[in-house]
Each structure stands twice: as structure tokens, then as C-alpha cells.
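This is query_17.pdb. It holds PDB, C-alpha atoms.
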```
ATOM      1  CA  LYS A  14     -91.609  45.654 124.333
ATOM      2  CA  ASP A  15     -92.213  45.938 120.604
ATOM      3  CA  GLU A  16     -95.894  46.866 120.914
ATOM      4  CA  ASP A  17     -95.676  49.150 123.968
ATOM      5  CA  HIS A  18     -96.510  52.326 122.088
ATOM      6  CA  TYR A  19     -99.372  53.961 120.199
ATOM      7  CA  LEU A  20     -99.290  56.284 117.209
ATOM      8  CA  ILE A  21    -102.246  58.716 117.125
ATOM      9  CA  TRP A  22    -102.564  61.174 114.246
ATOM     10  CA  PHE A  23    -104.922  64.148 114.454
ATOM     11  CA  ARG A  24    -105.873  66.258 111.475
ATOM     12  CA  HIS A  25    -107.243  69.775 111.682
ATOM     13  CA  GLU A  26    -110.981  70.005 111.392
ATOM     14  CA  LYS A  27    -112.146  71.157 107.982
ATOM     15  CA  ILE A  28    -115.371  73.202 107.984
ATOM     16  CA  ARG A  29    -117.265  73.064 104.705
ATOM     17  CA  THR A  30    -120.650  74.174 103.519
ATOM     18  CA  GLU A  31    -123.321  72.336 101.596
ATOM     19  CA  ILE A  32    -126.709  73.352 100.225
ATOM     20  CA  ASN A  33    -129.581  71.434 101.744
ATOM     21  CA  MET A  34    -133.276  71.493 101.083
ATOM     22  CA  HIS A  35    -135.565  72.296 104.023
ATOM     23  CA  ARG A  36    -139.328  72.283 104.213
ATOM     24  CA  THR A  37    -140.713  75.041 106.379
ATOM     25  CA  ILE A  38    -144.050  75.338 108.137
ATOM     26  CA  SER A  39    -145.510  78.785 107.974
ATOM     27  CA  ALA A  40    -148.385  80.143 110.051
ATOM     28  CA  CYS A  41    -150.882  79.586 107.247
ATOM     29  CA  HIS A  42    -150.000  75.952 106.935
ATOM     30  CA  GLN A  43    -150.124  74.989 110.584
ATOM     31  CA  GLY A  44    -153.567  73.520 110.425
ATOM     32  CA  ALA A  45    -153.491  72.271 106.891
ATOM     33  CA  THR A  46    -152.528  68.775 106.011
ATOM     34  CA  ASP A  47    -153.369  68.469 102.327
ATOM     35  CA  GLU A  48    -151.082  71.091 100.842
ATOM     36  CA  PRO A  49    -147.369  70.365 100.477
ATOM     37  CA  LEU A  50    -144.977  72.325 102.635
ATOM     38  CA  PRO A  51    -142.918  74.989 100.927
ATOM     39  CA  VAL A  52    -139.271  74.141 100.193
ATOM     40  CA  VAL A  53    -136.335  76.406 101.151
ATOM     41  CA  PHE A  54    -132.726  75.919 100.053
ATOM     42  CA  ALA A  55    -130.047  76.985 102.576
ATOM     43  CA  GLU A  56    -126.281  76.709 103.102
ATOM     44  CA  ASP A  57    -125.397  74.570 106.128
ATOM     45  CA  ALA A  58    -121.975  74.446 107.819
ATOM     46  CA  VAL A  59    -120.645  70.883 108.140
ATOM     47  CA  VAL A  60    -118.207  70.408 111.068
ATOM     48  CA  ASP A  61    -116.302  67.463 112.720
ATOM     49  CA  THR A  62    -114.802  66.368 109.415
ATOM     50  CA  ALA A  63    -111.238  66.181 108.094
ATOM     51  CA  ALA A  64    -109.453  65.445 104.848
ATOM     52  CA  TYR A  65    -110.020  61.964 103.468
ATOM     53  CA  TRP A  66    -107.449  59.288 104.532
ATOM     54  CA  ASP A  67    -106.185  57.790 101.329
ATOM     55  CA  GLU A  68    -103.804  54.859 100.822
ATOM     56  CA  VAL A  69    -100.747  57.138 100.707
ATOM     57  CA  ASP A  70    -101.602  58.570 104.132
ATOM     58  CA  ILE A  71    -102.159  55.148 105.639
ATOM     59  CA  SER A  72     -98.941  53.772 104.125
ATOM     60  CA  PHE A  73     -97.009  56.710 105.533
ATOM     61  CA  MET A  74     -98.475  56.142 109.000
ATOM     62  CA  GLN A  75     -97.572  52.470 108.881
ATOM     63  CA  SER A  76     -93.979  53.317 107.886
ATOM     64  CA  LEU A  77     -93.765  55.915 110.637
ATOM     65  CA  ASP A  78     -95.087  53.388 113.137
ATOM     66  CA  LYS A  79     -92.360  50.917 112.168
ATOM     67  CA  MET A  80     -89.673  53.601 112.496
ATOM     68  CA  ILE A  81     -90.891  54.560 115.957
ATOM     69  CA  GLN A  82     -91.118  50.917 116.965
ATOM     70  CA  LYS A  83     -87.533  50.314 115.838
ATOM     71  CA  ALA A  84     -86.320  53.448 117.637
ATOM     72  CA  VAL A  85     -88.086  52.432 120.841
ATOM     73  CA  VAL A  86     -86.582  48.947 120.761
ATOM     74  CA  ILE A  87     -83.061  50.247 120.014
ATOM     75  CA  ARG A  88     -83.319  52.805 122.799
ATOM     76  CA  ALA A  89     -84.470  50.142 125.233
ATOM     77  CA  LEU A  90     -81.559  47.890 124.280
ATOM     78  CA  GLU A  91     -79.090  50.767 124.640
ATOM     79  CA  GLN A  92     -80.493  51.615 128.035
ATOM     80  CA  GLU A  93     -80.242  47.978 129.075
ATOM     81  CA  ARG A  94     -76.609  47.826 127.948
ATOM     82  CA  SER A  95     -75.840  51.094 129.746
ATOM     83  CA  THR A  96     -77.370  49.721 132.930
ATOM     84  CA  GLU A  97     -75.339  46.520 132.622
ATOM     85  CA  ASN A  98     -72.122  48.470 131.985
ATOM     86  CA  LEU A  99     -72.815  50.732 134.953
ATOM     87  CA  GLN A 100     -73.483  47.744 137.196
ATOM     88  CA  SER A 101     -70.316  46.048 135.935
ATOM     89  CA  ALA A 102     -68.266  49.183 136.608
ATOM     90  CA  HIS A 103     -69.778  49.465 140.075
ATOM     91  CA  ASN A 104     -68.999  45.829 140.875
ATOM     92  CA  GLU A 105     -65.457  46.237 139.600
ATOM     93  CA  LEU A 106     -64.936  49.383 141.667
ATOM     94  CA  GLU A 107     -66.063  47.514 144.763
ATOM     95  CA  MET A 108     -63.747  44.633 143.896
ATOM     96  CA  ILE A 109     -60.770  46.954 143.314
ATOM     97  CA  THR A 110     -61.429  48.833 146.562
ATOM     98  CA  PHE A 111     -61.680  45.619 148.556
ATOM     99  CA  THR A 112     -58.612  44.069 146.943
ATOM    100  CA  LEU A 113     -56.453  47.151 147.361
ATOM    101  CA  SER A 114     -57.414  47.472 151.003
ATOM    102  CA  HIS A 115     -56.618  43.784 151.476
ATOM    103  CA  ASP A 116     -53.408  43.521 149.465
ATOM    104  CA  LEU A 117     -51.912  46.739 150.816
ATOM    105  CA  LYS A 118     -52.233  45.571 154.418
ATOM    106  CA  ASN A 119     -49.327  43.133 154.260
ATOM    107  CA  PRO A 120     -46.669  45.512 152.877
ATOM    108  CA  LEU A 121     -47.937  48.327 155.120
ATOM    109  CA  SER A 122     -47.696  46.042 158.153
ATOM    110  CA  THR A 123     -44.161  45.076 157.157
ATOM    111  CA  ILE A 124     -43.139  48.725 156.780
ATOM    112  CA  LYS A 125     -44.752  49.640 160.092
ATOM    113  CA  LEU A 126     -42.994  46.771 161.870
ATOM    114  CA  GLY A 127     -39.635  47.679 160.305
ATOM    115  CA  LEU A 128     -39.937  51.335 161.304
ATOM    116  CA  GLN A 129     -40.855  50.381 164.859
ATOM    117  CA  LEU A 130     -37.808  48.121 165.018
ATOM    118  CA  LEU A 131     -35.511  50.852 163.698
ATOM    119  CA  GLU A 132     -36.937  53.395 166.149
ATOM    120  CA  ARG A 133     -36.627  51.048 169.100
ATOM    121  CA  ASP A 134     -33.213  49.500 168.388
ATOM    122  CA  HIS A 135     -30.533  51.918 167.200
ATOM    123  CA  PHE A 136     -27.755  49.318 167.342
ATOM    124  CA  LEU A 137     -28.858  46.758 164.780
ATOM    125  CA  SER A 138     -26.142  44.671 163.169
ATOM    126  CA  THR A 139     -25.142  45.580 159.643
ATOM    127  CA  GLU A 140     -26.478  42.272 158.345
ATOM    128  CA  LEU A 141     -29.884  42.723 160.020
ATOM    129  CA  LEU A 142     -30.071  46.338 158.922
ATOM    130  CA  GLN A 143     -29.394  45.388 155.311
ATOM    131  CA  LYS A 144     -31.990  42.646 155.525
ATOM    132  CA  TRP A 145     -34.644  45.018 156.813
ATOM    133  CA  CYS A 146     -33.750  47.675 154.237
ATOM    134  CA  ALA A 147     -34.190  45.092 151.483
ATOM    135  CA  THR A 148     -37.512  43.949 152.982
ATOM    136  CA  LEU A 149     -38.811  47.510 153.260
ATOM    137  CA  GLY A 150     -37.687  48.224 149.693
ATOM    138  CA  ASP A 151     -39.542  45.158 148.408
ATOM    139  CA  SER A 152     -42.691  46.212 150.259
ATOM    140  CA  VAL A 153     -42.568  49.722 148.812
ATOM    141  CA  ARG A 154     -41.967  48.406 145.296
ATOM    142  CA  TYR A 155     -44.843  45.943 145.655
ATOM    143  CA  MET A 156     -47.189  48.722 146.774
ATOM    144  CA  GLU A 157     -46.049  50.921 143.894
ATOM    145  CA  GLN A 158     -46.565  48.110 141.388
ATOM    146  CA  LEU A 159     -50.007  47.288 142.787
ATOM    147  CA  ILE A 160     -51.156  50.905 142.621
ATOM    148  CA  ASN A 161     -49.720  51.505 139.141
ATOM    149  CA  ASN A 162     -51.241  48.312 137.764
ATOM    150  CA  THR A 163     -54.626  49.117 139.296
ATOM    151  CA  VAL A 164     -54.574  52.580 137.710
ATOM    152  CA  GLU A 165     -53.609  51.014 134.367
ATOM    153  CA  LEU A 166     -56.395  48.457 134.684
ATOM    154  CA  THR A 167     -59.058  51.125 135.202
ATOM    155  CA  ARG A 168     -57.591  53.338 132.453
ATOM    156  CA  VAL A 169     -58.082  50.623 129.816
ATOM    157  CA  HIS A 170     -61.885  51.060 130.054
ATOM    158  CA  GLY A 171     -61.815  54.501 128.484
ATOM    159  CA  THR A 172     -59.033  53.958 125.972
ATOM    160  CA  ALA A 173     -59.812  54.137 122.276
ATOM    161  CA  TYR A 174     -57.167  52.378 120.183
ATOM    162  CA  THR A 175     -56.120  53.354 116.675
ATOM    163  CA  LYS A 176     -54.924  50.146 115.056
ATOM    164  CA  GLU A 177     -52.147  49.810 112.516
ATOM    165  CA  ARG A 178     -50.047  47.009 111.088
ATOM    166  CA  ILE A 179     -47.136  46.217 113.435
ATOM    167  CA  ALA A 180     -44.016  44.099 112.891
ATOM    168  CA  VAL A 181     -42.898  42.517 116.164
ATOM    169  CA  GLN A 182     -39.576  40.939 115.119
ATOM    170  CA  THR A 183     -37.547  43.595 116.932
ATOM    171  CA  LEU A 184     -40.060  44.193 119.727
ATOM    172  CA  ILE A 185     -40.094  40.701 121.234
ATOM    173  CA  PRO A 186     -36.298  40.295 121.790
ATOM    174  CA  ARG A 187     -36.159  43.643 123.614
ATOM    175  CA  ILE A 188     -39.058  42.674 125.872
ATOM    176  CA  MET A 189     -37.376  39.328 126.540
ATOM    177  CA  GLU A 190     -34.117  40.967 127.664
ATOM    178  CA  GLU A 191     -35.980  43.386 129.916
ATOM    179  CA  ALA A 192     -37.900  40.504 131.523
ATOM    180  CA  LYS A 193     -34.706  38.505 132.123
ATOM    181  CA  LEU A 194     -33.193  41.468 133.960
ATOM    182  CA  GLN A 195     -36.339  42.243 135.904
ATOM    183  CA  PHE A 196     -36.857  38.687 137.165
ATOM    184  CA  GLN A 197     -33.160  37.770 137.383
ATOM    185  CA  ASN A 198     -33.497  34.835 135.025
ATOM    186  CA  SER A 199     -30.418  35.300 132.827
ATOM    187  CA  ALA A 200     -30.343  31.581 131.945
ATOM    188  CA  CYS A 201     -33.699  31.805 130.178
ATOM    189  CA  THR A 202     -33.438  31.335 126.404
ATOM    190  CA  LEU A 203     -35.749  32.537 123.651
ATOM    191  CA  SER A 204     -36.770  30.400 120.683
ATOM    192  CA  VAL A 205     -38.559  32.314 117.933
ATOM    193  CA  GLY A 206     -40.505  30.957 114.981
ATOM    194  CA  ILE A 207     -42.354  32.805 112.221
ATOM    195  CA  LEU A 208     -43.607  36.172 113.465
ATOM    196  CA  HIS A 209     -46.403  37.504 111.273
ATOM    197  CA  PRO A 210     -47.304  41.203 111.433
ATOM    198  CA  ILE A 211     -50.349  42.000 113.541
ATOM    199  CA  CYS A 212     -52.928  44.772 113.743
ATOM    200  CA  GLY A 213     -53.121  46.826 116.915
ATOM    201  CA  GLU A 214     -52.007  49.942 118.735
ATOM    202  CA  LYS A 215     -48.234  49.977 119.301
ATOM    203  CA  GLY A 216     -48.274  50.869 122.988
ATOM    204  CA  ALA A 217     -51.044  48.408 123.765
ATOM    205  CA  VAL A 218     -49.358  45.588 121.810
ATOM    206  CA  ARG A 219     -46.107  46.181 123.698
ATOM    207  CA  GLN A 220     -48.005  46.091 126.984
ATOM    208  CA  VAL A 221     -49.632  42.781 126.065
ATOM    209  CA  PHE A 222     -46.376  41.058 125.095
ATOM    210  CA  ALA A 223     -44.515  42.562 128.069
ATOM    211  CA  ASN A 224     -47.008  41.056 130.521
ATOM    212  CA  VAL A 225     -47.221  37.637 128.864
ATOM    213  CA  ILE A 226     -43.466  37.266 128.244
ATOM    214  CA  GLY A 227     -42.731  38.671 131.712
ATOM    215  CA  ASN A 228     -44.929  36.000 133.297
ATOM    216  CA  ALA A 229     -43.283  33.286 131.211
ATOM    217  CA  VAL A 230     -39.798  34.383 132.312
ATOM    218  CA  LYS A 231     -40.792  34.882 135.951
ATOM    219  CA  TYR A 232     -42.525  31.552 136.444
ATOM    220  CA  SER A 233     -39.801  29.554 134.692
ATOM    221  CA  THR A 234     -36.957  30.701 136.962
ATOM    222  CA  GLN A 235     -37.020  27.339 138.768
ATOM    223  CA  ALA A 236     -36.763  25.287 135.571
ATOM    224  CA  VAL A 237     -33.457  23.512 134.873
ATOM    225  CA  GLU A 238     -33.259  25.014 131.381
ATOM    226  CA  PRO A 239     -35.835  27.810 131.248
ATOM    227  CA  THR A 240     -37.015  28.302 127.668
ATOM    228  CA  ILE A 241     -39.566  30.616 126.097
ATOM    229  CA  THR A 242     -40.908  29.725 122.647
ATOM    230  CA  ILE A 243     -42.796  32.245 120.527
ATOM    231  CA  SER A 244     -44.353  31.621 117.130
ATOM    232  CA  SER A 245     -47.347  32.737 115.085
ATOM    233  CA  LYS A 246     -49.694  31.468 112.401
ATOM    234  CA  ILE A 247     -52.557  32.805 110.325
ATOM    235  CA  VAL A 248     -55.965  31.238 110.982
ATOM    236  CA  GLU A 249     -58.626  32.509 108.570
ATOM    237  CA  ASP A 250     -59.021  36.232 109.364
ATOM    238  CA  THR A 251     -56.902  36.171 112.536
ATOM    239  CA  VAL A 252     -53.230  35.963 113.547
ATOM    240  CA  TRP A 253     -52.420  33.629 116.446
ATOM    241  CA  TYR A 254     -49.320  34.271 118.581
ATOM    242  CA  THR A 255     -48.361  31.465 120.934
ATOM    243  CA  ILE A 256     -46.000  32.074 123.891
ATOM    244  CA  SER A 257     -44.938  28.853 125.633
ATOM    245  CA  ASP A 258     -42.754  28.311 128.710
ATOM    246  CA  ASN A 259     -41.587  25.372 130.813
ATOM    247  CA  GLY A 260     -42.407  26.987 134.135
ATOM    248  CA  ILE A 261     -44.587  26.021 137.072
ATOM    249  CA  GLY A 262     -47.831  25.933 135.058
ATOM    250  CA  ILE A 263     -51.373  26.676 136.230
ATOM    251  CA  PRO A 264     -53.693  24.252 138.047
ATOM    252  CA  GLU A 265     -56.385  23.157 135.577
ATOM    253  CA  ALA A 266     -59.296  24.207 137.803
ATOM    254  CA  GLU A 267     -57.869  27.722 138.099
ATOM    255  CA  ILE A 268     -57.283  28.430 134.379
ATOM    256  CA  PRO A 269     -60.762  30.029 133.897
ATOM    257  CA  ARG A 270     -59.921  32.579 136.618
ATOM    258  CA  VAL A 271     -56.460  33.710 135.551
ATOM    259  CA  GLN A 272     -57.971  36.614 133.588
ATOM    260  CA  ASP A 273     -59.801  37.917 136.666
ATOM    261  CA  ALA A 274     -58.278  41.014 138.222
ATOM    262  CA  PHE A 275     -56.185  40.340 141.357
ATOM    263  CA  PHE A 276     -56.462  36.558 141.039
ATOM    264  CA  ARG A 277     -53.258  34.582 141.542
ATOM    265  CA  ALA A 278     -52.921  30.828 141.099
ATOM    266  CA  SER A 279     -52.453  28.765 144.233
ATOM    267  CA  ASN A 280     -48.956  27.634 143.179
ATOM    268  CA  THR A 281     -47.518  31.171 142.782
ATOM    269  CA  LYS A 282     -46.478  31.630 146.408
ATOM    270  CA  GLY A 283     -42.919  32.870 146.517
ATOM    271  CA  PHE A 284     -43.306  34.757 143.230
ATOM    272  CA  ILE A 285     -43.917  38.479 143.477
ATOM    273  CA  GLY A 286     -47.016  39.697 141.664
ATOM    274  CA  THR A 287     -50.331  41.504 141.983
ATOM    275  CA  GLY A 288     -52.642  39.364 139.838
ATOM    276  CA  ILE A 289     -53.382  42.233 137.468
ATOM    277  CA  GLY A 290     -51.123  41.496 134.473
ATOM    278  CA  LEU A 291     -53.278  38.911 132.695
ATOM    279  CA  ALA A 292     -56.489  40.813 133.475
ATOM    280  CA  LEU A 293     -54.913  43.825 131.801
ATOM    281  CA  VAL A 294     -53.852  41.712 128.815
ATOM    282  CA  SER A 295     -57.356  40.293 128.470
ATOM    283  CA  ARG A 296     -59.012  43.713 128.463
ATOM    284  CA  ILE A 297     -56.554  45.236 126.022
ATOM    285  CA  MET A 298     -57.002  42.310 123.632
ATOM    286  CA  ARG A 299     -60.797  42.614 123.772
ATOM    287  CA  ARG A 300     -60.633  46.346 123.042
ATOM    288  CA  MET A 301     -58.428  45.624 120.019
ATOM    289  CA  GLY A 302     -60.892  42.995 118.781
ATOM    290  CA  GLY A 303     -58.853  39.968 119.898
ATOM    291  CA  GLU A 304     -58.844  37.390 122.674
ATOM    292  CA  VAL A 305     -56.549  35.365 124.952
ATOM    293  CA  ARG A 306     -56.484  31.575 125.361
ATOM    294  CA  PHE A 307     -54.623  29.401 127.881
ATOM    295  CA  ARG A 308     -53.357  25.848 128.052
ATOM    296  CA  SER A 309     -51.279  24.680 130.973
ATOM    297  CA  VAL A 310     -50.001  21.646 132.840
ATOM    298  CA  PRO A 311     -48.724  22.155 136.404
ATOM    299  CA  GLY A 312     -45.017  21.473 136.607
ATOM    300  CA  GLU A 313     -44.604  21.400 132.825
ATOM    301  CA  GLY A 314     -45.440  24.908 131.641
ATOM    302  CA  THR A 315     -48.019  27.259 130.194
ATOM    303  CA  GLN A 316     -49.067  28.163 126.664
ATOM    304  CA  VAL A 317     -50.719  31.534 126.090
ATOM    305  CA  THR A 318     -52.292  32.222 122.696
ATOM    306  CA  LEU A 319     -52.994  35.799 121.652
ATOM    307  CA  VAL A 320     -55.559  36.015 118.846
ATOM    308  CA  PHE A 321     -55.263  39.277 116.894
ATOM    309  CA  PRO A 322     -57.584  40.372 114.081
ATOM    310  CA  LYS A 323     -55.815  40.161 110.725
ATOM    311  CA  ASP A 324     -57.691  43.125 109.275
ATOM    312  CA  CYS A 325     -56.850  46.502 110.837
ATOM    313  CA  GLY A 326     -60.283  47.730 109.874
ATOM    314  CA  GLN A 327     -62.018  45.370 112.283
ATOM    315  CA  PRO A 328     -63.398  46.887 115.528
TER     316      PRO A 328
END
```
So that I can check it, write out the structure of this file as C-alpha cells.
Amino acid sequence: KDEDHYLIWFRHEKIRTEINMHRTISACHQGATDEPLPVVFAEDAVVDTAAYWDEVDISFMQSLDKMIQKAVVIRALEQERSTENLQSAHNELEMITFTLSHDLKNPLSTIKLGLQLLERDHFLSTELLQKWCATLGDSVRYMEQLINNTVELTRVHGTAYTKERIAVQTLIPRIMEEAKLQFQNSACTLSVGILHPICGEKGAVRQVFANVIGNAVKYSTQAVEPTITISSKIVEDTVWYTISDNGIGIPEAEIPRVQDAFFRASNTKGFIGTGIGLALVSRIMRRMGGEVRFRSVPGEGTQVTLVFPKDCGQP
């Protein structure tokens, strides 16, 4: 607390001398009462004293006390934040360990079952063999994606970004084409509005847009005319990028959780994914001084807004 300290200042003892007058009683005066006693002057040592405390000294002590008080409070706050960060990291490590052990069980079980089948039956039909090879390949790719994304998620904590002004006019179309190939959604079209330059780290910005656009393309594969719309606007000292799709949407009650690591909405069954992409986006945006916002209607689509700082000098 603010007052949980004391400042005690000791000064070295200063020994000084002073001349004092003493009356002495000699042998000849012991019985006499009428005559005055003789006076003797002597130098006496005065101890247990120190230099005088003037207003300058007291003012200095008061200033020093305030400095110490401020330092104590700041240190306590830093220690509190360190404890909170350590607890958060510990909780996240437990969550990642639990989730990995849980999510890896299904693909590992599939691989184990497939290998047992191949070992036991050497005369599988070509069609069944191809089916199992495809299933095993999907399981391996899912495990690889889950592990890579988990590593990337933990790496973001210690990443320090150097921000610069970035033009995204050429970046977004390339990411869109890659997403269409990855999720086999060649019919998906891209509608682009004004794209203002943003401040961020190039690799991190690409990662953010790749995850958001990838989700938009993936979850709109079932739409009759899948369309992704991207535009931006300047709001005070920020730049807002909005990525909209006409995909499956997100249940309203689950929107607050979509930025949690390993969380997947209840209507995403049948879509491959690990539930890490948006958590990664959220953390990267926070480290670059931005944020992520969501609006969604199940069956109609999702709108993701990325809020970037306009000034590259902002933390």
C-alpha cells in the first residue's frame, strides 16, 4: 500500500565543546555556609547532538519519501501484472495441453484403425484402398495443421512487431486466390471497395488477412453464389477493414467465444479446422495495437472488422 514504508534518516553524531562555569567545594569551605563558593571555568564535551535540521533538509526528505513511495507502488503494480501474466500463461499452457491431447485422439485413432485394417487385410479393393489412403492423408494433414497452429499461437506471445505503412491492394487478391484453391471454392467471388493503407508488420498483417479471408471462403462453400466483400474506412485515428461473407454464420450466443483458442462454433461440423485461426488473429491484432470485432447471422453470413491504428507510432 502507499503508506507501507518508513524513511529513517540518521546523521553522524557531532561532538562539540562548550565552556561552562562550575562552583567547587574545597576542603576549607566544607563547613562554611556564609562565604560564596569559588567558581571554575572548564571545557565540557557535548555529545548526542547532530547538525541542525533546516527547511532544506526537511524538504529534501519529503521529496525523497515521495520518490520511494512512487517506486514502491510501481514495483508492486509490476509484480502484480507479472503474477497475472504468469498465471495466464500457466492457464493457457494447461488449456493447450488438454486440447491437443483431446483433439489429436480422433486422427490418431483413425490412423491406428486404418493401419490395422491394412495389416489384417492385404486384398482390399482399389476403391476401398483409395478411400482409406485419402482418410489417412486427411488425418495426418489435420494433425500437422493443429500442431503448426498451436506452435504459431504460442509464438505470438514473444513476438515484437516493427510496424510500417502497408498497402494491401495487391496482397488481398493473392490471399483470396490461395484460399479458393485451399478450400476448393472456385465459384467464390471477391468484391473490393476502398482499401486504405494500414500500419503493421507485413508478415503479421498477411497472417491476419489469410486467416479471416480463409474462413470467409471456407464457410461460404455451401452458398449458392459465394461472395466475399472487403472494404475499409478511416474512423478518427484508426483504419477499419471489414470482411463480409454470405456463409453459414455464427450462432449469436457463441460470438463472444470465437476468439478463444480451440473453440469452434456448433454449426461448423463438416468443415475442417482447429479453432485456432481467429484466436491467432485476435492476439496478433492486440500486439499491433488493434482489435477484432464480429457481427453474424446464422445462415446469412459473417462480418469481421479489423481495427488497425492509423498512426504507425502507436504501441
What's around A:Leu203 at 12 Å? Count only C-alpha atoms, leave out sequence neighbours fewer than 5 positions away in its own chain, and write the answer as a PyMOL selection string. chain A and resi 185-190+192-193+198+226+229-230+238-244+256-259
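Coordinates place atom CA of A:Asn224 at a distance of 18.8 Å from atom CA of A:Val252.
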Tell me, as number ranges by chain, which residues lie within 8 Å of A:Asn280, counting all atoms listed in the file; anything in the same chain fewer than 4 positions away does not count. A: 261, 263-264
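Picture a line from atom CA of A:Gln143 to atom CA of A:Gln158; it runs 22.3 Å.
Counting from atom CA of A:His35, the distance to atom CA of A:Ala55 is 7.4 Å.
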Using all atoms listed in the file, which residue out of A:Gly314, A:Ile28, A:Tyr65, A:Ile297 lies closest to A:Gln220? A:Ile297
Reference answer for the PyMOL selection byres ((chain A and resi 153) around 12), as a VMD selection string: chain A and resid 117 to 125 146 to 152 154 to 160
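Restricting the calculation to all atoms listed in the file, the smallest distance between A:Gly260 and any of A:Glu304, A:Glu132, A:Glu214, A:Glu313 is found for A:Glu313.
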Under the rule that all atoms listed in the file are counted, which of A:Val271, A:Ile81, A:Met301, A:Cys325 is the nearest residue to A:Thr287? A:Val271
Counting all atoms listed in the file, figure out which residue out of A:Leu293, A:Val310, A:Ile207, A:Met74 gets nearest to A:Tyr19. A:Met74
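Closest approach to A:Ser245 among A:Ile71, A:Met298, A:Ile289, A:Val317: A:Val317, based on only C-alpha atoms.
In this comparison, which uses only C-alpha atoms, the residue of A:Glu191, A:Asp250, A:Glu177, A:Glu140 approaching A:Val218 most closely is A:Glu177.
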Axis-aligned box for stretch 177-182 of chain A, 5 Å per side, centre and edges in Å as AutoDock Vina command-line options:
```
--center_x -45.9 --center_y 45.4 --center_z 113.6 --size_x 22.6 --size_y 18.9 --size_z 15.1
```
